[in-house]
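Report on the structure given below.
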Amino acid sequence: MTVHLSILLWLPLAAAVVGLLLPAAIGRFATLAGAIAALVVAIIVLARFDPDTGGLQFVTDRMWISELGIHYKLGVDGLNLFLLLLTTVIFLAGILWASLRAWERPRLFFFWWGLAESAVLGALLAQDLALFVVFFDLMLVPFLFLAGGWGGPNRIAGIIKLFIYTLVGSLLMLSAAIATGVLAPVPGIDFSLSALAVAAPRLSHGTQEWIFLFFAAAFLVKMPAFPVHGWMPDGYKAMPLPVLAVFSAVLSKVAAYGFLRIVLPLYPDASVHFQELMLLVALASILYGSAMAFTTTDSRLILGYSSVAQLGFVTLGIFSLRDAGAQGALLQAVNHGLVVAPAFLIVALLAVRAAGSEDVRDMGGLAFRAPVLATLFLIVALANLAMPGSSNFVGEFFILLGTFQSKAAIAVVAFTGVVLASVYTLRLFIRAMHNRLGPQATSREISLADGLVVAPLVLLILAFALYPQIALSKGERSVTRAIAPARVAAGPAQEAAR
Amino acid sequence: MIVAAAKGPHIDWAGMSPLLALLGGAVVVLLAGLLRPRWAREALVPFLAVAAFAAAIGLGVWQLDERKDLISAALRVDALTSVLSFVFCAGGIAAVLLSWRGVAPREAAHGEFYALLLTSAGGMWVLVAAQNLVSLFLGLELLSVPLYVLCATEMERERSLESGLKYLIIGSVGSATLLYGLAFVYGATGTTDYAAIARAAGGVTGDPLFLTGIALTVVGLAFKSSVAPFHQWTPDVYQGAPTSITAFMAVATKAAAFGVFLRFFNVALGPATDEWAPALAALAAITIIVGNVGAIGQSSLKRLMAWSSVAQAGYMLAGVVVGTRLGVSATVFYLGVYLFMNLAAFAVIVARERETALGDDIASVQGLGATRPALALAMTAAMLGLAGIPATAGFIGKFYLIDAAIDGAYTWLGVVIVIGSMVSLAYYLRVLAAMWMQAAPEPSEAVAVSAATGRPALAGGSTEADPELGRRQWEVWAVALVFGAATIVFGIVPSPLFDLATKAGDALTNLL
């Protein structure tokens with residue numbers, strides 16, 4: 001019996017809608033049930049996944065809008081398998097964390113959570129360019145309402161900035177996607193990725209190049225990458241912390257995934273043409289993110305800028321256009337999601353202990369009476385700085401290896417980012433946990449309920465550190481296939497350079 | 001015997017039946033409005049008006065697959081006529097429901113108010129069916145004159161009178177310009193029939209007389225459909241008119257005006273595409289930018305919707321510019337989704353005008369998410385749809401238009417649509433933020449605002465939620481919820497709308 005991906009896709013939203021209709025006391029837990037069910041389905045998909053088949057599995061393919069050639073096509077392969085698992089795990093953690101706390105208008109709050117999970121899963125599962133664009137844009141809407149309705153002070157300015165920045169990118173991507181479908185030399189019009197993978201690379205160089213830039217704008221804003229990260233500080237401050245944990249852990253990964261799923265296979269010539277530009281953007285993100293993370297004192301923004309730097313590494317790996325680099329990028333995307341979500345949740349705990357302040361200057365000494373919390377945080381911090389032995393180390397190693405193979409000079413500069421990561425991560429850990437107790441701070445152990453959310457995530461980090469091959473081996477074939485067109489396109493140019 | 005022998009002109013009653021339903025309905029409504037009992041005027045008359053609109057829709061469904069010429073080819077009934085008539089008749093039904101229990105019909109005498117509404121819709125039907133320059137102008141005037149009056153029906157409100165007068169003057173200038181242009185087109189081609197113009201157009205390309213005619217016609221129609229730079233009247237008129245009439249103008253007039261654009265430019269002037277398409281494309285781009293930028297600073301919801309309708313006219317013009325069957329279908333599709341989104345938004349504005357003393361100020365929807373979640377959800381669907389966010393019909397509509405623009409080798413116009421949508425986020429988001437992210441204004445504040453704008457407090461001058469009011473205006477809620485839901489449903493299952501739009505596009509058989 002095959003697994004229907006539609007079930008995985010719509011379960012969270014369906015549960016959330018049911019929750020909206022039930023009384024508030026029960027309704028608020030419906031989304032949690034939906035998230036658990038989605039995780040179970042995702043695990044079943046992982047168990048039944050056949051790593052030896054290179055192509056898509058569990059495919060659902062129906063016509064959605066025949067006049068426009070848009071399919072409702074879902075599928076799983078090595079590229080999105082682990083991102084799907086990451087999404088369901090992180091959403092479950094975030095929803096569980098939120099369920100343990102009281103919110104105003106809880107049913108609406110959890111409805112938006114359910115919609116968010118379905119939208120993200122849809123973007124990951126979609127095997128049709130138009131369908132991908134639909135879900136990619138849709139996943140922003142629930143976060144707009146979550147941040148706007150339940151966020152911190154100054155949230156309206158922050159989210160409007162976030163929304164406009166990201167939708168500008170998304171709308172550019174929309175026009176580029178439509179242009180791909182219309183201009184690609186196929187009889188009729190067909191937006192399914194399998195049809196476009198044949199037709200789109202035959203677009204003229206000029207067309208490919210503007211389409212590439214429009215897609216890159218959408219994905220780089222979402223990551224966010226330097227210099228289009230302007231929404232990040234205000235946007236991050238606007239969101240409630242559990243929402244932010246999910247946003248930062250999952251949404252940026254969809255952008256990285258978009259490069260591998262859509263941009264490299266469909267526009268190989270343009271990818272080669274703009275390779276150096278993208279590598280420089282990635283490098284700038286690493287250096288700028290690291291420098292900012294090292295100088296800011298707001299613990300949210302330390303993690304935010306650290307994400308800019310980490311996503312810089314991911315971009316670097318993808319645009320090395322080498323198998324090793326792209327595999328490392330995919331692994332690192334999963335790693336970063338697993339690390340940053342518990343990190344944000346821990347920051348929420350630290351803020352409670354520092355009398356509501358998220359500034360590291362108000363923290364300090366929080367480890368004294370909280371050995372378990374300190375241990376959990378230390379593991380997360382060591383994973384974030386890519387300690388040898390962690391899965392992040394493996395990811396960054398592959399990324400730098402791939403980059404070294406294609407552009408050695410950039411790899412050398414990027415290496416400083418690895419060093420800087422340990423500086424800013426350890427700074428956050430030490431300022432928060434060690435030294436004298438902050439002026440208003442009290443050291444308290446993590447509560448059992450919160451521990452039940454954070455500890456499984458930390459255990460997953462440890463498991464991944466011991467056995468990163470599980471993600472690498474299942475993704476290998478798909479990654480190779482995704483970057484193959486660009487490698488072929490780069491071939492003659494590299495020959496000529498020699 | 002002699003009577004039987006003299007053969008009268010053949011009249012296709014079936015083909016004309018929707019028009020007869022509208023105009024006949026106008027007469028019946030006018031007469032029913034003279035009845036003495038109060039229930040006849042306040043309940044029977046609106047009911048009859050709704051019935052007339054519904055009958056026109058029903059007869060249109062019956063004639064949907066027809067394709068025939070009426071009155072010696074002055075009018076044509078085909079799928080384009082029928083589908084556009086669905087749009088403006090649905091707009092008419094919504095306008096009746098939103099007016100019912102409002103101030104405007106009371107002041108204008110119920111029968112006359114609804115009769116004017118029906119007559120205007122009859123004019124729209126003539127306009128979209130016109131196959132001849134004369135019937136085009138006839139339809140346009142039949143549409144416009146009742147609307148001039150309807151705008152001014154809230155006679156005790158200064159702005160309503162101002163709105164009516166302004167619309168009358170600007171509309172007359174537009175009509176005169178259009179008539180002048182039509183005369184030039186006739187002068188150049190020697191005929192008033194669309195099909196004959198199309199045959200003659202190939203021979204007179206580059207003729208200054210012909211070009212002047214086209215240019216003046218464009219200007220005249222641009223006045224009517226609020227295309228920049230001939231849009232300046234729109235915000236004032238939209239703000240001043242009774243809100244139900246604003247909704248009708250925004251939705252129905254636009255559908256009728258675009259019906260003319262499609263028929264006149266893509267059929268009659270089809271062979272001369274190179275002459276007008278670049279100019280119209282430039283107008284579309286200007287309209288998109290001007291409309292969206294103009295909307296940003298508005299604090300009156302009706303003015304905001306007016307500017308937004310200017311921008312949306314620009315989007316739809318893109319479908320006319322490309323002059324393909326795909327473009328026609330995309331424009332008709334967008335007119336349909338535009339109907340849903342605008343009616344949902346205007347219904348919420350009407351509901352809040354009655355519930356609060358804030359009129360149509362954006363403060364009237366502040367905190368709506370907490371006090372009236374159902375209305376807030378309808379408004380949210382409308383705003384997200386107008387902004388073109390996925391899972392709403394607005395997204396599909398925009399997708400279709402961009403698709404048509406790129407397919408017709410106007411890629412840059414597709415990108416302009418996208419840029420316009422980005423700008424539009426700034427003001428649609430403000431409405432969303434006011435509803436969901438700000439608390440309802442304090443009553444004292446509300447009184448101060450109402451004193452400043454000098455509006456009568458329709459609901460006792462309080463912003464407090466009055467549970468009674470919700471029940472007393474169920475029809476307004478129904479309009480908001482039905483069209484809000486339609487915005488979402490057709491965003492997920494758009495096929496029925498696509499079928500209609502494709503039919504309408506196929507009706508213009510001369511196109512690619």
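Letters A, B, ... go to the chains of the structure tokens in the order shown; residues in each chain start at 1; ligands are counted from 1 in the same order.
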
Excluding Arg353 (chain A) and residues on its chain fewer than 5 positions from it, collect all residues at most 8 Å away from it, counting only C-alpha atoms, and give them as a list of chain:residue names.
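Final neighbour list, sorted by chain and number: A:Leu366, A:Ala441, A:Thr442, A:Ser443, A:Arg444.
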
Residues near Ile399 (chain A), anyone? I mean within 8 Å using only C-alpha atoms, not counting same-chain ones fewer than 4 positions away, as a list in words.
Phe313, Val314, Leu316, Gly317, Ser320, Ala324, Gly325, Ala326, Gln327, Gly328, Ala329, Gly395 and Thr403 of chain A

Distance table requested - chain B against chain A, cut-off 7 Å, only C-alpha atoms: one row per qualifying residue with the closest atom pair and its distance in Å to one decimal, ordered by chain and rising residue number, as CSV.
residue,atom,partner,partner_atom,distance
B:Ile389,CA,A:Leu138,CA,6.8
B:Pro390,CA,A:Val134,CA,5.2
B:Asp403,CA,A:Ile178,CA,6.0
B:Ile406,CA,A:Ala179,CA,6.4
B:Asp407,CA,A:Val182,CA,6.1
B:Gly414,CA,A:Ser175,CA,6.8
B:Val415,CA,A:Ser175,CA,6.4
B:Val418,CA,A:Leu171,CA,5.9
B:Met422,CA,A:Val168,CA,5.6
B:Leu425,CA,A:Ile164,CA,6.7
B:Ala433,CA,A:Ile156,CA,6.9
B:Trp436,CA,A:Gly149,CA,6.1
B:Met437,CA,A:Gly149,CA,5.2
B:Ser495,CA,A:Ile65,CA,6.6

Quick one: DSSP alpha helix (DSSP H) residues in region 40-187 of chain A, as JSON, numbers by chain?
{"A": [40, 41, 42, 43, 44, 45, 46, 47, 48, 81, 82, 83, 84, 85, 86, 87, 88, 89, 90, 91, 92, 93, 94, 95, 96, 97, 98, 99, 106, 107, 108, 109, 110, 111, 112, 113, 114, 115, 116, 117, 118, 119, 120, 121, 122, 123, 124, 125, 129, 130, 131, 132, 133, 134, 135, 136, 137, 138, 140, 141, 142, 143, 144, 145, 146, 147, 148, 149, 150, 155, 156, 157, 158, 159, 160, 161, 162, 163, 164, 165, 166, 167, 168, 169, 170, 171, 172, 173, 174, 175, 176, 177, 178, 179, 180, 181, 182, 183]}

Residue contacts of Pro441 (chain B) (9 Å, only C-alpha atoms) excluding same-chain residues fewer than 6 positions away, as number ranges by chain:
B: 363-364, 366-367, 463

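Straight-line separation from CA of Pro46 (chain B) to CA of Val77 (chain B): 27.7 Å.
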
With distances taken over only C-alpha atoms, which residue among B:Val476, B:Leu116, B:Val310, B:Ala404 lies nearest Val293 (chain B)?
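Closest candidate: B:Val310.
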
All residues 10 Å or closer to Gln127 (chain A), only C-alpha atoms, same chain fewer than 6 positions away omitted, as a PyMOL selection string:
chain A and resi 56+59-61+71-76+191-194+261-262

Store the residues of this selection in a file with N, CA and C atoms, as a CSV table (one decimal), in the first residue's frame.
chain,number,residue,atom,x,y,z
A,56,LEU,N,11.2,10.3,-8.1
A,56,LEU,CA,10.2,10.7,-7.2
A,56,LEU,C,9.4,9.4,-6.7
A,59,VAL,N,4.1,9.4,-5.8
A,59,VAL,CA,3.7,10.6,-6.5
A,59,VAL,C,2.1,10.6,-6.6
A,60,THR,N,1.6,11.8,-6.4
A,60,THR,CA,0.2,12.1,-6.7
A,60,THR,C,0.2,13.1,-7.8
A,61,ASP,N,-0.5,12.9,-8.9
A,61,ASP,CA,-0.5,13.8,-10.0
A,61,ASP,C,-1.9,13.9,-10.5
A,71,HIS,N,-0.6,21.5,-12.5
A,71,HIS,CA,-0.9,20.2,-11.9
A,71,HIS,C,-0.9,20.3,-10.4
A,72,TYR,N,-1.7,19.4,-9.8
A,72,TYR,CA,-1.6,19.2,-8.3
A,72,TYR,C,-0.7,17.9,-8.2
A,73,LYS,N,0.6,18.1,-8.2
A,73,LYS,CA,1.5,17.0,-8.2
A,73,LYS,C,2.4,17.1,-7.0
A,74,LEU,N,2.4,16.0,-6.2
A,74,LEU,CA,3.2,15.9,-5.0
A,74,LEU,C,4.2,14.7,-5.2
A,75,GLY,N,5.3,14.8,-4.6
A,75,GLY,CA,6.3,13.7,-4.6
A,75,GLY,C,7.4,13.8,-3.6
A,76,VAL,N,8.0,12.7,-3.3
A,76,VAL,CA,9.1,12.8,-2.3
A,76,VAL,C,10.3,12.2,-3.0
A,191,PHE,N,3.1,23.3,-16.3
A,191,PHE,CA,4.0,23.8,-15.2
A,191,PHE,C,4.6,22.7,-14.4
A,192,SER,N,4.4,21.4,-14.7
A,192,SER,CA,4.9,20.4,-13.9
A,192,SER,C,6.5,20.4,-14.0
A,193,LEU,N,7.1,20.2,-12.9
A,193,LEU,CA,8.6,20.3,-12.9
A,193,LEU,C,9.2,19.3,-13.9
A,194,SER,N,8.6,18.1,-14.0
A,194,SER,CA,9.2,17.1,-14.8
A,194,SER,C,9.2,17.5,-16.3
A,261,ARG,N,15.8,22.5,-5.9
A,261,ARG,CA,14.7,21.8,-6.6
A,261,ARG,C,14.4,22.5,-8.0
A,262,ILE,N,14.5,23.8,-8.0
A,262,ILE,CA,13.9,24.5,-9.2
A,262,ILE,C,15.0,25.2,-9.9

In Å, rounded to a single decimal, give me how far CA of Leu127 (chain B) is from CA of Thr192 (chain B).
14.6 Å

Residues near Ala24 (chain A), cut-off 10 Å, only C-alpha atoms, skip fewer than 5 positions along chain, as number ranges by chain
A: 19, 29-30, 105-108

Based on the selection just made, write C-alpha atoms of those residues as a PDB file, in the first residue's frame.
ATOM      1  CA  GLY A  19     -10.136  22.899  16.275  1.00  0.00           C
ATOM      2  CA  PHE A  29      -5.317  20.902  21.216  1.00  0.00           C
ATOM      3  CA  ALA A  30      -6.640  19.834  17.821  1.00  0.00           C
ATOM      4  CA  ARG A 105      -8.028  33.784  21.259  1.00  0.00           C
ATOM      5  CA  PRO A 106      -6.374  30.328  21.339  1.00  0.00           C
ATOM      6  CA  ARG A 107      -8.443  28.684  18.599  1.00  0.00           C
ATOM      7  CA  LEU A 108      -7.500  31.281  16.004  1.00  0.00           C
TER       8      LEU A 108
END

Determine, counting only C-alpha atoms, which protein, DNA and RNA residues have an atom within 12 Å of an atom of Leu377 (chain B); residues of the same chain fewer than 3 positions away are not included. Present the result as a PyMOL selection string.
(chain A and resi 108+145) or (chain B and resi 344-345+348+365+368-374+380-385+431-432+435-436+477+480-485+487-488)

Residue nearest Pro142 (chain A) among A:Val419, A:Met292, A:Ala37, A:Val243 (counting only C-alpha atoms):
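Among A:Val419, A:Met292, A:Ala37, A:Val243, it is A:Val243 that comes nearest to Pro142 (chain A).
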
List the spatial neighbours of Ala387 (chain B) as a VMD selection string - criterion: any atom at most 7 Å away, only C-alpha atoms, same-chain residues fewer than 5 positions off excluded.
chain B and resid 421 424 to 425 428

Would you please work out which residue, of A:Leu280, A:Ala471, A:Val347, A:Leu426, is nearest to Leu301 (chain A) when using only C-alpha atoms?
A:Val347

Can you measure CA of Leu500 (chain B) to CA of Val267 (chain B) for me? One decimal in Å is fine.
19.4 Å

Nearest to Val320 (chain B) among B:Ser172, B:Gly505, B:Leu150, B:Ala195, with distances taken over only C-alpha atoms: which residue is it?
B:Gly505

Name the closest residue to Gln332 (chain A) among the candidates A:Val45, A:Leu213, A:Ile189, A:Ala309; distances are taken between atoms, counting only C-alpha atoms.
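Ranked by minimum distance to Gln332 (chain A), first place goes to A:Ala309.
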